[in-house]
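These notes are about the structure you will find just below.
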Amino acid sequence: MSPKSWADAAPRLIAVAAGRAPADMVVRGGTWANVQSGEMIPATDLAIADGRFAYCGPDASPCIGPDTVVIEAAGRVLSPGLIDAHMHVESGMLTVTEFVRAVAPHGSTSLFIDPHEIANVLGLKGVRLMHDEAMLQPTNVFVQAPSCVPSAPGLEVAGAEFGPDEIAEMMTWPNIVGLGEVMNFPGVAAGDARMVGEIAEAMRAGKTVGGHYASPDLGRDFHAYAAAGPADDHEGTRAEDALARVRQGMRAMLRLGSAWHDVAEQVRAVTEGGADPRNFVLCTDDCYAATLVRDGHMDRVLRHAIAQGLRPITALQMATLNAATHFGMEREIGSIAPGRRADFVITPSLAGFSAELVVSRGEVVAEKGAMVAPRPGFVYPAEAKNTVKVGRKVVAEDFVITAPEGANATRARVIGVVENQAPTKALEMEIPVRDGRLAPEGAEGDVCLIAVVERHRGEGRVVTALVSGFGYEGPCAVASTVAHDSHHLIVVGTSAEDMAAAANRLQDIGGGVAVWKDGAEAALVPLPVAGLMSDSPAEEVAAQADAMADAMRACGCTLNNAFMQHSLLALVVIPALRISDQGLVDVTAFQPVSVTV
C-alpha cells in the first residue's frame, strides 16, 4: 500500500514536526546523509508519520508518544533508500515479488522497471500482470511502458507488437511513470513514424522517455536521436559517451549489472573531467538472482562507484536524488527530507554500505539482511505459463549450415562475444566444410553453432549461424527461452545432437535454461512464467543459476556471467552482429546478412 498523499498527510506532518502530536516512528542519534546539501550531519533524529518524514533534525523527543516506535541509530548513517533507475525484473529470472524480496534487504526501496521482456512474449496482458504485481509490493516499484515490441521490426518477429495505440493505453494505467528504453535508435534517427508516435504519446502524458542509443558513433544519428526526446541513456561504455549524453540534455545512466561493467570508465567524466554529477545516475539494467543473493543490488553499485574515486555523498546522490529528480519524483522519493516517503536505510557507512535496517513508507521491511515484510499474494494465471510453442520437436539436422557447393572451406561471418559488454564483434573466419556443411568444430580458434528456434507461433522455424568467444569444448549445448528481446528459444553448442536435446527439454517444461553435456542434462533452471521467470524464492533460483554457471564452466566457458552474453545474442539493436528468428543481422547496417561471405 502507498502512504497517504502529501496533501492528505500534511496536517499531521505539521503537527508532528511542531511537537504537538506524536510520530509513528522516531529514529534517534544518526548521521544524516543529506543528499540535498551534500553533507553528513551528525546527531540527527527522524520523526515519521503516515509513511512520510515529518521532522529531520536534532532532538525529536517532543515527537515521541506512548505508541511511538523508537529506533536508536547510535551514530550510524541514515541514508535515503536506494533507487534503481533502470532495470528489468525478468533478467533476475524472478517475479516482481521475489525480486523485491531479494533486493529490499540490500537497501533498494525504489525500482523503475521496464517489463519489455514479458511484453515481447505476452503483449499488453503480460505488462499489466507485472504492473499490477508491482503495486502490491511493500516498496516502490514504478513501471515504464515497453516501447520496442519488437525491438527491431522487420528484423525479428516477437510474440506481440506495440505501436502508438498500445503506448497511449498504457499511459492511462496508474503505475506507469514513463516510456521504456527506445531501442530502435536507427528508426528514431530516421524519423520512423511508429517510433516517433510512441514517444509523442508518452510526452503528451507528461511521462519520462527512456533512451537506448547503442552505438559508439556520436555523429548526426546520435544528434537526431537526442532531438527525438529520450531523456536518459544507459548504453554508454566510455567517458565521452556519458559526456555526450549529458551535453545533449540527457541523464547519463551508468550501469553495473551482472555482466555490464560500465561505471568505472564513464564516471571518469566526473572524477577526472569535472562534469557536474547532477545529471549522472546509477543503475543495474540486468542482474541475475545469483548476483542479487551473493553480491547485492544497488548497494553493490554504490560501493563500486565510490571505489572509482567519487565522493561517497556524490555517489549516493547518483543512486537516490538524481534518479528521483529524473522522473519528476523528487518530492516523493530520493532523499530524507520532510514530506517525502519515509524510505531510508541504517548503515555503518556509505563506502562500506551494508543495510542493517531498511524502512519503506515508514514500515520496517528488512532487518539484518532478511526480509520481514509479508509477501504479497499475487499469483500468475495459467495463461502466463506454457508459452513455449515451437510446434514440433527439433532435430540435429535443424542446426546444419549448408556450405557453398564444392567448397572445402569457406569464409563466414561469426558473432564475436565481448566479455562484460553488450556489444559484439562482427568477425570473419575461415570455416572448414565437411559433407557439404560448415564444420565449426574444425576451425582454428573458438567457434561453435548458434541457433534461434521460433517459439511464439508454433512455426517450427530454426535459424543457425556461428559464434565465437564462449570457449566450449567437447559435445555440449546451452539452450534458453530467455533471448532478449523477442525471447525465442536460443541455443549455442558444439554438438547438434545436444542442441536439439536441450531445446526439446525446454519445450517439455515450459521454458527456462538447459545445459547439456556429453549427451546428458548437466543443469536446468525452470522458468515457467512466460519462459522468463520463476515464482520460486530468489535463493532457490540463485542456486539453480549457480549450478547452470558451473555446468557452463564444465563445458569450457570461462567468461564472467556468460549466460548474460548468451541471452543477448539475439538482441538485434546492439551492434555489431546478432542473430534473430529472421536470420543473421548486421546491426551496424541494420540489415540481414548471410552466414557465408
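Following the order of the C-alpha cells, first chain is A, next is B, and so on, with residues numbered from 1 inside each chain and ligands from 1 in the order they appear.
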
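By chain and then residue number, the residues within 8 Å of segment 295-301 of chain A are Leu82, Ile83, Asp84, Val103, His106, Gly107, Ser108, Arg255, Leu256, Leu282, Cys283, Thr284, Cys287, Ala319, Phe353 and Ser354 of chain A, counting only C-alpha atoms and disregarding those fewer than 6 positions away in sequence.
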
Which of segment 83-217 of chain A end up as strand (DSSP E) when DSSP is run on this backbone - answer as a PyMOL selection string? chain A and resi 83-87+108-113+140-145+176-182+208-211

Please provide as a ChimeraX atom specification all residues within 12 Å of Asp8 of chain A, with the sequence filter that same-chain residues fewer than 4 positions apart are discarded (counting only C-alpha atoms). /A:3-4,12-14,49-52,339

Could you take the residues named above and write them with C-alpha atoms, as a PDB file, in the first residue's frame?
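This is the output file again.pdb:
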ATOM      1  CA  PRO A   3       1.474   6.082   2.011  1.00  0.00           C
ATOM      2  CA  LYS A   4      -1.042   8.878   2.328  1.00  0.00           C
ATOM      3  CA  ARG A  12      -0.411  15.614  10.794  1.00  0.00           C
ATOM      4  CA  LEU A  13       3.112  16.116   9.425  1.00  0.00           C
ATOM      5  CA  ILE A  14       2.972  19.745  10.527  1.00  0.00           C
ATOM      6  CA  ALA A  49       4.057   9.884  10.429  1.00  0.00           C
ATOM      7  CA  ASP A  50       1.638   8.373   7.909  1.00  0.00           C
ATOM      8  CA  GLY A  51       4.510   6.820   5.979  1.00  0.00           C
ATOM      9  CA  ARG A  52       6.340  10.128   5.439  1.00  0.00           C
ATOM     10  CA  GLY A 339       7.148  15.287   3.271  1.00  0.00           C
TER      11      GLY A 339
END

Counting only C-alpha atoms, the option among A:His566, A:Arg411, A:His261, A:Arg101 closest to Ser480 of chain A: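 Among the listed residues, the smallest separation from Ser480 of chain A belongs to A:His566.
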
For Ser486 of chain A: contacts at 9 Å, only C-alpha atoms, fewer than 2 positions along chain excluded, given as a list in words: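 Counting only C-alpha atoms, the residues come to Glu117, Ala119, Asn120, Val121, Val149, Pro150, Ser151, Glu156, Val157, Ala158, Gly159, Ala160, Val482, Ala483, His484, His488, Ala570, Leu571, Ser580 and Asp581 of chain A.
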
Find the residues near Ala244 of chain A: any atom within 12 Å, counting only C-alpha atoms, skip ones fewer than 2 places away on the same chain, and give them as a PyMOL selection string. chain A and resi 213+216-219+222-223+226+232-233+235-242+246-252+266+269+275+279-280

So what do you get for atom CA of Ala538 of chain A versus atom CA of Asp262 of chain A, distance-wise?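 These two atoms are separated by 25.2 Å.
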
I'd like the contact shell of Ala543 of chain A - 10 Å cut-off, only C-alpha atoms, skipping same-chain residues fewer than 3 positions apart - returned as a VMD selection string. chain A and resid 289 to 290 293 525 538 to 540 546 to 549

Which residues are near Val462 of chain A? Cut-off 12 Å, only C-alpha atoms, ignore same chain within fewer than 3 positions. Put them as an MDAnalysis selection string. chainID A and resid 390:401 450:455 458:459 465 488:491 499:500 503 579:584

Would you mind exporting the chosen residues as an mmCIF file, in the first residue's frame, restricted to N, CA and C atoms?
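Full text of again.cif as output:
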data_model
loop_
_atom_site.group_PDB
_atom_site.id
_atom_site.type_symbol
_atom_site.label_atom_id
_atom_site.label_comp_id
_atom_site.auth_asym_id
_atom_site.auth_seq_id
_atom_site.Cartn_x
_atom_site.Cartn_y
_atom_site.Cartn_z
ATOM 1 N N VAL A 390 6.825 -24.230 -30.050
ATOM 2 C CA VAL A 390 7.655 -24.439 -31.234
ATOM 3 C C VAL A 390 6.868 -25.139 -32.341
ATOM 4 N N GLY A 391 5.952 -25.996 -31.943
ATOM 5 C CA GLY A 391 5.128 -26.689 -32.931
ATOM 6 C C GLY A 391 5.621 -28.057 -33.316
ATOM 7 N N ARG A 392 6.864 -28.373 -32.948
ATOM 8 C CA ARG A 392 7.424 -29.688 -33.262
ATOM 9 C C ARG A 392 8.697 -29.880 -32.431
ATOM 10 N N LYS A 393 9.153 -31.112 -32.368
ATOM 11 C CA LYS A 393 10.444 -31.378 -31.765
ATOM 12 C C LYS A 393 11.539 -31.038 -32.777
ATOM 13 N N VAL A 394 12.569 -30.350 -32.334
ATOM 14 C CA VAL A 394 13.683 -30.059 -33.235
ATOM 15 C C VAL A 394 14.624 -31.257 -33.274
ATOM 16 N N VAL A 395 15.388 -31.346 -34.357
ATOM 17 C CA VAL A 395 16.319 -32.464 -34.541
ATOM 18 C C VAL A 395 17.691 -31.902 -34.907
ATOM 19 N N ALA A 396 18.712 -32.746 -34.824
ATOM 20 C CA ALA A 396 20.082 -32.308 -35.077
ATOM 21 C C ALA A 396 20.233 -31.676 -36.458
ATOM 22 N N GLU A 397 19.497 -32.178 -37.437
ATOM 23 C CA GLU A 397 19.616 -31.654 -38.804
ATOM 24 C C GLU A 397 19.161 -30.199 -38.919
ATOM 25 N N ASP A 398 18.373 -29.731 -37.954
ATOM 26 C CA ASP A 398 17.933 -28.341 -37.984
ATOM 27 C C ASP A 398 19.090 -27.363 -37.825
ATOM 28 N N PHE A 399 20.220 -27.831 -37.310
ATOM 29 C CA PHE A 399 21.326 -26.933 -36.999
ATOM 30 C C PHE A 399 22.461 -27.016 -38.028
ATOM 31 N N VAL A 400 22.187 -27.639 -39.167
ATOM 32 C CA VAL A 400 23.172 -27.735 -40.235
ATOM 33 C C VAL A 400 23.208 -26.428 -41.022
ATOM 34 N N ILE A 401 24.419 -25.918 -41.309
ATOM 35 C CA ILE A 401 24.600 -24.764 -42.185
ATOM 36 C C ILE A 401 25.202 -25.276 -43.492
ATOM 37 N N ILE A 450 25.249 -21.465 -33.256
ATOM 38 C CA ILE A 450 24.219 -20.743 -32.518
ATOM 39 C C ILE A 450 22.950 -20.792 -33.351
ATOM 40 N N ALA A 451 21.814 -20.991 -32.699
ATOM 41 C CA ALA A 451 20.546 -21.083 -33.431
ATOM 42 C C ALA A 451 19.426 -20.411 -32.646
ATOM 43 N N VAL A 452 18.480 -19.870 -33.383
ATOM 44 C CA VAL A 452 17.249 -19.343 -32.807
ATOM 45 C C VAL A 452 16.097 -20.206 -33.316
ATOM 46 N N VAL A 453 15.309 -20.715 -32.368
ATOM 47 C CA VAL A 453 14.147 -21.539 -32.682
ATOM 48 C C VAL A 453 12.898 -20.717 -32.381
ATOM 49 N N GLU A 454 12.074 -20.469 -33.386
ATOM 50 C CA GLU A 454 10.856 -19.674 -33.207
ATOM 51 C C GLU A 454 9.956 -20.357 -32.186
ATOM 52 N N ARG A 455 9.462 -19.583 -31.170
ATOM 53 C CA ARG A 455 8.704 -20.249 -30.106
ATOM 54 C C ARG A 455 7.386 -19.580 -29.743
ATOM 55 N N GLY A 458 4.453 -21.387 -33.031
ATOM 56 C CA GLY A 458 4.467 -22.792 -33.402
ATOM 57 C C GLY A 458 4.838 -23.040 -34.842
ATOM 58 N N GLU A 459 5.670 -22.166 -35.419
ATOM 59 C CA GLU A 459 6.032 -22.308 -36.832
ATOM 60 C C GLU A 459 7.167 -23.299 -37.047
ATOM 61 N N ALA A 465 23.583 -19.988 -37.141
ATOM 62 C CA ALA A 465 24.757 -19.205 -37.534
ATOM 63 C C ALA A 465 25.946 -19.661 -36.687
ATOM 64 N N HIS A 488 12.731 -15.729 -28.303
ATOM 65 C CA HIS A 488 12.580 -17.044 -28.897
ATOM 66 C C HIS A 488 13.493 -18.004 -28.126
ATOM 67 N N LEU A 489 13.600 -19.222 -28.591
ATOM 68 C CA LEU A 489 14.468 -20.194 -27.945
ATOM 69 C C LEU A 489 15.843 -20.087 -28.618
ATOM 70 N N ILE A 490 16.867 -19.742 -27.860
ATOM 71 C CA ILE A 490 18.208 -19.598 -28.405
ATOM 72 C C ILE A 490 19.098 -20.704 -27.838
ATOM 73 N N VAL A 491 19.904 -21.305 -28.713
ATOM 74 C CA VAL A 491 20.742 -22.425 -28.281
ATOM 75 C C VAL A 491 22.127 -22.289 -28.917
ATOM 76 N N MET A 499 22.302 -29.849 -28.839
ATOM 77 C CA MET A 499 21.490 -28.652 -29.043
ATOM 78 C C MET A 499 20.018 -29.014 -29.171
ATOM 79 N N ALA A 500 19.739 -30.051 -29.945
ATOM 80 C CA ALA A 500 18.351 -30.481 -30.116
ATOM 81 C C ALA A 500 17.772 -30.985 -28.798
ATOM 82 N N ALA A 503 17.069 -28.016 -26.437
ATOM 83 C CA ALA A 503 15.919 -27.227 -26.896
ATOM 84 C C ALA A 503 14.611 -27.964 -26.632
ATOM 85 N N ILE A 579 21.836 -12.482 -34.104
ATOM 86 C CA ILE A 579 21.001 -13.457 -34.783
ATOM 87 C C ILE A 579 19.567 -13.274 -34.300
ATOM 88 N N SER A 580 18.619 -13.407 -35.211
ATOM 89 C CA SER A 580 17.201 -13.346 -34.838
ATOM 90 C C SER A 580 16.469 -14.510 -35.485
ATOM 91 N N ASP A 581 15.178 -14.579 -35.263
ATOM 92 C CA ASP A 581 14.387 -15.628 -35.904
ATOM 93 C C ASP A 581 14.298 -15.422 -37.411
ATOM 94 N N GLN A 582 14.754 -14.260 -37.889
ATOM 95 C CA GLN A 582 14.732 -13.965 -39.317
ATOM 96 C C GLN A 582 16.082 -14.179 -39.989
ATOM 97 N N GLY A 583 17.141 -14.395 -39.202
ATOM 98 C CA GLY A 583 18.446 -14.629 -39.787
ATOM 99 C C GLY A 583 19.551 -13.896 -39.057
ATOM 100 N N LEU A 584 20.747 -13.891 -39.643
ATOM 101 C CA LEU A 584 21.885 -13.163 -39.106
ATOM 102 C C LEU A 584 21.710 -11.688 -39.458
#

Which is closest to Leu78 of chain A among A:Ala264, A:Ala337, A:Ala520, A:Ala205, if we use only C-alpha atoms?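 Closest to Leu78 of chain A, using only C-alpha atoms: A:Ala337.
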
Can you list, as a PyMOL selection string, every residue of segment 53-256 of chain A that DSSP puts in alpha helix (DSSP H)? chain A and resi 96-103+116-134+164-170+185-189+193-204+220-227+239-247

Separation of atom CA of Gly30 of chain A from atom CA of Phe112 of chain A in Å: 28.4 Å
